[in-house]
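J.: Enclosed is the structure file input_4.cif (mmCIF, C-alpha atoms).
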```
data_model
#
loop_
_atom_site.group_PDB
_atom_site.id
_atom_site.type_symbol
_atom_site.label_atom_id
_atom_site.label_comp_id
_atom_site.auth_asym_id
_atom_site.auth_seq_id
_atom_site.Cartn_x
_atom_site.Cartn_y
_atom_site.Cartn_z
ATOM 1 C CA MET A 1 6.744 -9.971 -6.830
ATOM 2 C CA PRO A 2 4.183 -8.461 -4.448
ATOM 3 C CA THR A 3 0.598 -7.578 -5.206
ATOM 4 C CA VAL A 4 -0.960 -4.222 -4.405
ATOM 5 C CA LEU A 5 -4.604 -4.680 -3.478
ATOM 6 C CA TYR A 6 -6.548 -1.434 -3.874
ATOM 7 C CA CYS A 7 -9.835 -1.130 -1.961
ATOM 8 C CA HIS A 8 -12.042 1.607 -3.368
ATOM 9 C CA GLY A 9 -14.612 3.580 -1.409
ATOM 10 C CA PHE A 10 -18.370 3.288 -0.921
ATOM 11 C CA LEU A 11 -20.274 3.273 -4.251
ATOM 12 C CA SER A 12 -16.967 3.745 -6.062
ATOM 13 C CA SER A 13 -15.224 1.326 -8.414
ATOM 14 C CA PRO A 14 -11.918 0.201 -9.940
ATOM 15 C CA GLN A 15 -12.373 3.104 -12.370
ATOM 16 C CA SER A 16 -12.005 5.675 -9.588
ATOM 17 C CA THR A 17 -9.329 8.323 -10.046
ATOM 18 C CA LYS A 18 -7.047 7.131 -7.247
ATOM 19 C CA ALA A 19 -7.349 3.467 -8.265
ATOM 20 C CA VAL A 20 -6.329 4.332 -11.822
ATOM 21 C CA GLN A 21 -3.478 6.531 -10.577
ATOM 22 C CA VAL A 22 -2.099 3.668 -8.479
ATOM 23 C CA GLN A 23 -2.377 1.243 -11.389
ATOM 24 C CA GLN A 24 -0.629 3.618 -13.802
ATOM 25 C CA TRP A 25 2.127 4.515 -11.320
ATOM 26 C CA LEU A 26 2.908 0.873 -10.667
ATOM 27 C CA ALA A 27 2.949 0.073 -14.386
ATOM 28 C CA GLN A 28 5.586 2.759 -14.877
ATOM 29 C CA HIS A 29 7.687 2.460 -11.706
ATOM 30 C CA ARG A 30 7.154 -1.120 -10.454
ATOM 31 C CA PRO A 31 6.266 -2.969 -13.676
ATOM 32 C CA LEU A 32 6.862 -6.422 -12.185
ATOM 33 C CA TRP A 33 4.405 -5.869 -9.334
ATOM 34 C CA HIS A 34 0.849 -7.090 -9.608
ATOM 35 C CA TYR A 35 -2.156 -4.825 -9.147
ATOM 36 C CA VAL A 36 -5.629 -5.941 -8.132
ATOM 37 C CA CYS A 37 -8.681 -3.736 -7.570
ATOM 38 C CA PRO A 38 -11.863 -5.769 -7.094
ATOM 39 C CA GLU A 39 -15.335 -4.337 -7.513
ATOM 40 C CA LEU A 40 -16.511 -4.128 -3.883
ATOM 41 C CA SER A 41 -20.238 -4.324 -3.254
ATOM 42 C CA ALA A 42 -21.957 -1.746 -1.062
ATOM 43 C CA HIS A 43 -23.319 -4.749 0.852
ATOM 44 C CA PRO A 44 -20.593 -5.433 3.455
ATOM 45 C CA SER A 45 -21.077 -9.204 3.536
ATOM 46 C CA ASP A 46 -20.433 -9.374 -0.216
ATOM 47 C CA ALA A 47 -17.467 -6.985 -0.030
ATOM 48 C CA LYS A 48 -15.866 -9.005 2.749
ATOM 49 C CA ALA A 49 -16.452 -12.282 0.875
ATOM 50 C CA THR A 50 -14.724 -10.835 -2.205
ATOM 51 C CA LEU A 51 -11.693 -9.790 -0.150
ATOM 52 C CA GLN A 52 -11.546 -13.116 1.710
ATOM 53 C CA GLN A 53 -11.553 -15.035 -1.567
ATOM 54 C CA LEU A 54 -8.715 -12.886 -2.906
ATOM 55 C CA MET A 55 -6.672 -13.317 0.264
ATOM 56 C CA LYS A 56 -7.250 -17.059 0.212
ATOM 57 C CA GLU A 57 -5.742 -17.153 -3.272
ATOM 58 C CA PHE A 58 -2.803 -14.899 -2.294
ATOM 59 C CA VAL A 59 -2.060 -17.104 0.718
ATOM 60 C CA ARG A 60 -2.283 -20.240 -1.422
ATOM 61 C CA ARG A 61 0.294 -18.760 -3.811
ATOM 62 C CA GLU A 62 2.407 -17.492 -0.905
ATOM 63 C CA GLU A 63 2.218 -14.052 -2.474
ATOM 64 C CA ALA A 64 3.177 -10.898 -0.584
ATOM 65 C CA VAL A 65 0.273 -8.442 -0.449
ATOM 66 C CA TYR A 66 0.122 -4.727 0.303
ATOM 67 C CA CYS A 67 -3.121 -2.830 0.591
ATOM 68 C CA ILE A 68 -4.169 0.730 -0.229
ATOM 69 C CA GLY A 69 -7.666 1.711 0.868
ATOM 70 C CA SER A 70 -9.604 4.931 0.442
ATOM 71 C CA SER A 71 -12.619 5.982 2.539
ATOM 72 C CA LEU A 72 -14.682 2.817 3.162
ATOM 73 C CA GLY A 73 -11.873 0.995 1.392
ATOM 74 C CA GLY A 74 -9.660 2.170 4.252
ATOM 75 C CA TYR A 75 -12.070 0.482 6.650
ATOM 76 C CA TRP A 76 -11.735 -2.772 4.674
ATOM 77 C CA ALA A 77 -7.957 -2.351 4.472
ATOM 78 C CA THR A 78 -7.906 -2.123 8.271
ATOM 79 C CA TRP A 79 -9.920 -5.333 8.537
ATOM 80 C CA LEU A 80 -7.463 -7.039 6.157
ATOM 81 C CA THR A 81 -4.449 -5.807 8.110
ATOM 82 C CA GLU A 82 -5.857 -6.893 11.462
ATOM 83 C CA HIS A 83 -6.778 -10.359 10.164
ATOM 84 C CA TYR A 84 -3.907 -11.125 7.788
ATOM 85 C CA GLY A 85 -1.044 -8.988 9.120
ATOM 86 C CA ILE A 86 -0.408 -7.173 5.829
ATOM 87 C CA LYS A 87 0.736 -3.561 5.521
ATOM 88 C CA SER A 88 -1.814 -0.934 4.505
ATOM 89 C CA VAL A 89 -1.933 2.689 3.476
ATOM 90 C CA LEU A 90 -5.223 4.343 4.395
ATOM 91 C CA VAL A 91 -6.421 7.460 2.567
ATOM 92 C CA ASN A 92 -9.057 9.501 4.444
ATOM 93 C CA PRO A 93 -10.333 6.200 5.920
ATOM 94 C CA ALA A 94 -13.846 5.667 7.246
ATOM 95 C CA VAL A 95 -13.957 4.982 10.988
ATOM 96 C CA ALA A 96 -16.931 3.031 12.419
ATOM 97 C CA PRO A 97 -19.017 3.610 9.253
ATOM 98 C CA HIS A 98 -21.972 1.719 10.713
ATOM 99 C CA THR A 99 -22.575 4.766 12.925
ATOM 100 C CA ARG A 100 -22.945 7.029 9.882
ATOM 101 C CA PHE A 101 -24.898 4.900 7.427
ATOM 102 C CA GLN A 102 -28.334 4.973 9.066
ATOM 103 C CA HIS A 103 -29.524 7.712 6.693
ATOM 104 C CA PHE A 104 -28.822 5.392 3.739
ATOM 105 C CA LEU A 105 -31.266 2.721 4.951
ATOM 106 C CA GLY A 106 -34.050 1.987 2.490
ATOM 107 C CA GLN A 107 -32.702 4.380 -0.148
ATOM 108 C CA THR A 108 -31.787 3.243 -3.629
ATOM 109 C CA LEU A 109 -28.063 3.977 -3.882
ATOM 110 C CA LYS A 110 -26.332 4.123 -7.256
ATOM 111 C CA SER A 111 -22.687 3.490 -8.029
ATOM 112 C CA TYR A 112 -20.767 6.590 -9.105
ATOM 113 C CA TYR A 113 -19.297 4.700 -12.055
ATOM 114 C CA SER A 114 -21.985 2.315 -13.280
ATOM 115 C CA GLU A 115 -25.718 1.624 -13.272
ATOM 116 C CA GLN A 116 -25.351 -0.762 -10.308
ATOM 117 C CA THR A 117 -27.790 0.050 -7.479
ATOM 118 C CA TYR A 118 -28.033 -1.059 -3.846
ATOM 119 C CA VAL A 119 -30.555 -0.859 -1.024
ATOM 120 C CA LEU A 120 -29.068 -1.260 2.450
ATOM 121 C CA ASP A 121 -30.987 -2.617 5.431
ATOM 122 C CA HIS A 122 -30.265 -3.022 9.161
ATOM 123 C CA THR A 123 -28.558 -6.357 8.525
ATOM 124 C CA ASP A 124 -25.946 -4.554 6.429
ATOM 125 C CA LEU A 125 -25.226 -2.121 9.261
ATOM 126 C CA GLN A 126 -24.970 -4.948 11.776
ATOM 127 C CA TYR A 127 -22.545 -6.786 9.518
ATOM 128 C CA LEU A 128 -20.487 -3.641 9.025
ATOM 129 C CA GLN A 129 -20.330 -3.170 12.796
ATOM 130 C CA ALA A 130 -19.228 -6.775 13.268
ATOM 131 C CA CYS A 131 -16.263 -6.128 10.963
ATOM 132 C CA ASP A 132 -15.080 -3.089 12.922
ATOM 133 C CA CYS A 133 -11.543 -3.211 14.366
ATOM 134 C CA PRO A 134 -11.554 -0.592 17.146
ATOM 135 C CA VAL A 135 -8.152 -1.673 18.493
ATOM 136 C CA ILE A 136 -5.114 -1.338 16.231
ATOM 137 C CA ARG A 137 -2.754 -4.119 17.286
ATOM 138 C CA ASP A 138 0.360 -3.300 15.266
ATOM 139 C CA SER A 139 0.807 0.367 14.397
ATOM 140 C CA GLN A 140 3.849 -0.308 12.178
ATOM 141 C CA CYS A 141 1.530 -1.954 9.633
ATOM 142 C CA TYR A 142 -0.197 1.336 8.831
ATOM 143 C CA CYS A 143 0.440 4.614 7.089
ATOM 144 C CA VAL A 144 -2.514 7.001 7.265
ATOM 145 C CA LEU A 145 -3.030 9.979 4.943
ATOM 146 C CA LEU A 146 -5.563 12.561 6.085
ATOM 147 C CA GLN A 147 -6.696 15.965 4.846
ATOM 148 C CA THR A 148 -8.431 18.331 7.240
ATOM 149 C CA GLY A 149 -10.711 19.623 4.471
ATOM 150 C CA ASP A 150 -12.415 16.221 4.087
ATOM 151 C CA GLU A 151 -16.048 17.220 3.579
ATOM 152 C CA THR A 152 -17.404 13.692 4.055
ATOM 153 C CA LEU A 153 -15.548 12.319 7.087
ATOM 154 C CA ASP A 154 -14.181 13.962 10.235
ATOM 155 C CA TYR A 155 -10.439 13.399 9.918
ATOM 156 C CA ARG A 156 -10.077 13.661 13.707
ATOM 157 C CA GLN A 157 -11.800 10.291 14.150
ATOM 158 C CA ALA A 158 -9.051 8.652 12.121
ATOM 159 C CA GLN A 159 -6.415 10.616 14.037
ATOM 160 C CA VAL A 160 -7.677 9.012 17.234
ATOM 161 C CA ARG A 161 -8.249 5.503 15.856
ATOM 162 C CA TYR A 162 -4.796 5.317 14.262
ATOM 163 C CA SER A 163 -2.805 7.279 16.835
ATOM 164 C CA GLY A 164 0.674 5.810 17.029
ATOM 165 C CA CYS A 165 0.691 4.887 13.350
ATOM 166 C CA LYS A 166 2.731 6.675 10.711
ATOM 167 C CA MET A 167 0.447 9.547 9.756
ATOM 168 C CA LEU A 168 0.339 12.572 7.481
ATOM 169 C CA VAL A 169 -2.258 15.253 8.171
ATOM 170 C CA GLU A 170 -2.430 17.892 5.454
ATOM 171 C CA PRO A 171 -4.383 21.121 5.959
ATOM 172 C CA GLY A 172 -7.236 21.702 3.521
ATOM 173 C CA GLY A 173 -7.826 19.275 0.711
ATOM 174 C CA SER A 174 -10.952 17.161 0.294
ATOM 175 C CA HIS A 175 -12.380 13.688 0.785
ATOM 176 C CA SER A 176 -10.870 12.696 -2.561
ATOM 177 C CA PHE A 177 -7.450 13.611 -1.115
ATOM 178 C CA ASP A 178 -6.149 16.390 -3.351
ATOM 179 C CA GLY A 179 -2.724 15.733 -4.846
ATOM 180 C CA PHE A 180 -2.855 12.010 -4.105
ATOM 181 C CA GLU A 181 -0.590 11.183 -7.044
ATOM 182 C CA ASP A 182 2.203 13.251 -5.477
ATOM 183 C CA HIS A 183 2.288 10.811 -2.545
ATOM 184 C CA LEU A 184 2.506 7.577 -4.523
ATOM 185 C CA LEU A 185 6.278 7.228 -4.310
ATOM 186 C CA GLY A 186 6.163 7.669 -0.531
ATOM 187 C CA ILE A 187 3.254 5.210 -0.285
ATOM 188 C CA ILE A 188 5.125 2.503 -2.156
ATOM 189 C CA GLN A 189 8.354 3.166 -0.237
ATOM 190 C CA PHE A 190 6.442 2.702 3.027
ATOM 191 C CA LEU A 191 4.968 -0.577 1.802
ATOM 192 C CA GLU A 192 8.416 -1.828 0.762
ATOM 193 C CA ILE A 193 9.887 -1.453 4.262
ATOM 194 C CA PRO A 194 9.926 -4.929 5.860
ATOM 195 C CA LEU A 195 8.002 -5.340 9.096
ATOM 196 C CA ALA A 196 10.251 -5.696 12.123
#
```
Transcribe the structure of this file into structure tokens.
T.:
Amino acid sequence: MPTVLYCHGFLSSPQSTKAVQVQQWLAQHRPLWHYVCPELSAHPSDAKATLQQLMKEFVRREEAVYCIGSSLGGYWATWLTEHYGIKSVLVNPAVAPHTRFQHFLGQTLKSYYSEQTYVLDHTDLQYLQACDCPVIRDSQCYCVLLQTGDETLDYRQAQVRYSGCKMLVEPGGSHSFDGFEDHLLGIIQFLEIPLA
């Protein structure tokens, strides 16, 4: 049975609304599938190390993996897809986040779901930039869900980055992607389609 790897957004957690919705939907509709949502650090080197360790274990077990990533989690899902060839669904994904994070430098940042805090420095931004995948090599690996009302990210950047990929652009909405749960069946059906 495959594993769905959910990558949450910046300063978010496995307790985020969309992560919980995915977990609950799978428990009801794909009960034999596995679900994994690691706590991803705001420090990109730590987040990447966590994902690499998980993928190493999945590869060792010869386990099929699908990824769903939201916001910065969409950025990490892209990195996973480009390096491991897995299919991903991206929800309002961050594009080139290193260009937007300068205003976070030196600030104490707190997780939305815990007391965990982070302070980012220039090394974090450089590492984030080094993980960027500006060229999408296999568009069939991606399904991208965007809402034009995203108040945090400009959806048009993702439109350009993932042009040629399966894409849904809904008018209005928000960065949280309003009505996400209504798309879960379509998300899983996309992931189930074998790559050509």
J.: Please evaluate the PyMOL selection byres ((chain A and resi 143) around 8) against the displayed coordinates and give the resulting residues as JSON, numbers by chain.
T.: {"A": [88, 89, 90, 140, 141, 142, 144, 145, 165, 166, 167, 168, 187, 190]}
J.: Would you save the residues from that selection as a PDB file, keeping the file's coordinate frame, using C-alpha atoms?
T.:
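File part_10.pdb, as written:
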```pdb
ATOM      1  CA  SER A  88      -1.814  -0.934   4.505  1.00  0.00           C
ATOM      2  CA  VAL A  89      -1.933   2.689   3.476  1.00  0.00           C
ATOM      3  CA  LEU A  90      -5.223   4.343   4.395  1.00  0.00           C
ATOM      4  CA  GLN A 140       3.849  -0.308  12.178  1.00  0.00           C
ATOM      5  CA  CYS A 141       1.530  -1.954   9.633  1.00  0.00           C
ATOM      6  CA  TYR A 142      -0.197   1.336   8.831  1.00  0.00           C
ATOM      7  CA  VAL A 144      -2.514   7.001   7.265  1.00  0.00           C
ATOM      8  CA  LEU A 145      -3.030   9.979   4.943  1.00  0.00           C
ATOM      9  CA  CYS A 165       0.691   4.887  13.350  1.00  0.00           C
ATOM     10  CA  LYS A 166       2.731   6.675  10.711  1.00  0.00           C
ATOM     11  CA  MET A 167       0.447   9.547   9.756  1.00  0.00           C
ATOM     12  CA  LEU A 168       0.339  12.572   7.481  1.00  0.00           C
ATOM     13  CA  ILE A 187       3.254   5.210  -0.285  1.00  0.00           C
ATOM     14  CA  PHE A 190       6.442   2.702   3.027  1.00  0.00           C
TER      15      PHE A 190
END
```
J.: For CA of Ser41 (chain A) and CA of Tyr118 (chain A), determine how far apart the two atoms are, in Å to one decimal place.
T.: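 So the answer is 8.5 Å.
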J.: Using the chain letters and numbers from this file, what does the PyMOL selection byres ((chain A and resi 49-57) around 10) select? Give the answer as JSON, numbers by chain.
T.: {"A": [5, 7, 36, 38, 39, 40, 41, 44, 45, 46, 47, 48, 58, 59, 60, 61, 62, 63, 65, 76, 77, 79, 80, 84]}
J.: Which residues are close to region 104-114 of chain A, i.e. within 7 Å by only C-alpha atoms, leaving aside same-chain residues fewer than 4 positions away? Reply as a PyMOL selection string.
T.: chain A and resi 11-13+118-121
J.: Pick the closest to Pro2 (chain A) from A:His183, A:His29, A:His34, A:Lys87: which is it, counting only C-alpha atoms?
T.: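 Closest candidate: A:His34.
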J.: What is the CA of Ser139 (chain A) to CA of Arg161 (chain A) distance in Å?
T.: 10.5 Å
J.: Restricting the calculation to all atoms listed in the file, which member of A:Thr17, A:Gln28, A:Thr123, A:Gln159 is positioned closest to Asn92 (chain A)?
T.: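 Looking at the shortest contact to Asn92 (chain A), the residue is A:Gln159.
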J.: Please write as number ranges by chain the full residue list that the PyMOL selection byres ((chain A and resi 178) around 12) yields on this file.
T.: A: 17-18, 91-92, 145-150, 170-177, 179-183
J.: Which polymer residues have any atom within 10 Å of an atom of Arg30 (chain A), counting only C-alpha atoms, with same-chain residues fewer than 6 positions away left out, as a PDB file with C-alpha atoms, in the coordinates of the input?
T.:
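Below is the file that was written, around25.pdb:
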```
ATOM      1  CA  MET A   1       6.744  -9.971  -6.830  1.00  0.00           C
ATOM      2  CA  PRO A   2       4.183  -8.461  -4.448  1.00  0.00           C
ATOM      3  CA  GLN A  23      -2.377   1.243 -11.389  1.00  0.00           C
ATOM      4  CA  GLN A  24      -0.629   3.618 -13.802  1.00  0.00           C
ATOM      5  CA  ILE A 188       5.125   2.503  -2.156  1.00  0.00           C
TER       6      ILE A 188
END
```
J.: By how many Å are CA of Ile86 (chain A) and CA of Leu191 (chain A) apart?
T.: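 Interatomic distance here is 9.4 Å.
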J.: When you look at Val4 (chain A) with a cut-off of 6 Å (counting only C-alpha atoms), what residues show up, excluding the ones that are within fewer than 4 positions of it in the same chain? I need them as a list in words.
T.: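 That gives Tyr35, Val65, Tyr66 and Cys67 of chain A.
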J.: When distances are computed from all atoms listed in the file, which of A:Thr81, A:Thr152, A:Thr3, A:Gln15 shows the smallest separation from Pro93 (chain A)?
T.: A:Thr152
J.: Is there a way to get, as number ranges by chain, all residues within 8 Å of the point (-24.2, -1.0, 9.5) in file coordinates, counting all atoms listed in the file?
T.: A: 97-99, 101-102, 122-129
J.: Just checking: using all atoms listed in the file, which residue out of A:Thr117, A:Tyr155, A:Val20, A:Gly74 ends up closest to His43 (chain A)?
T.: A:Thr117
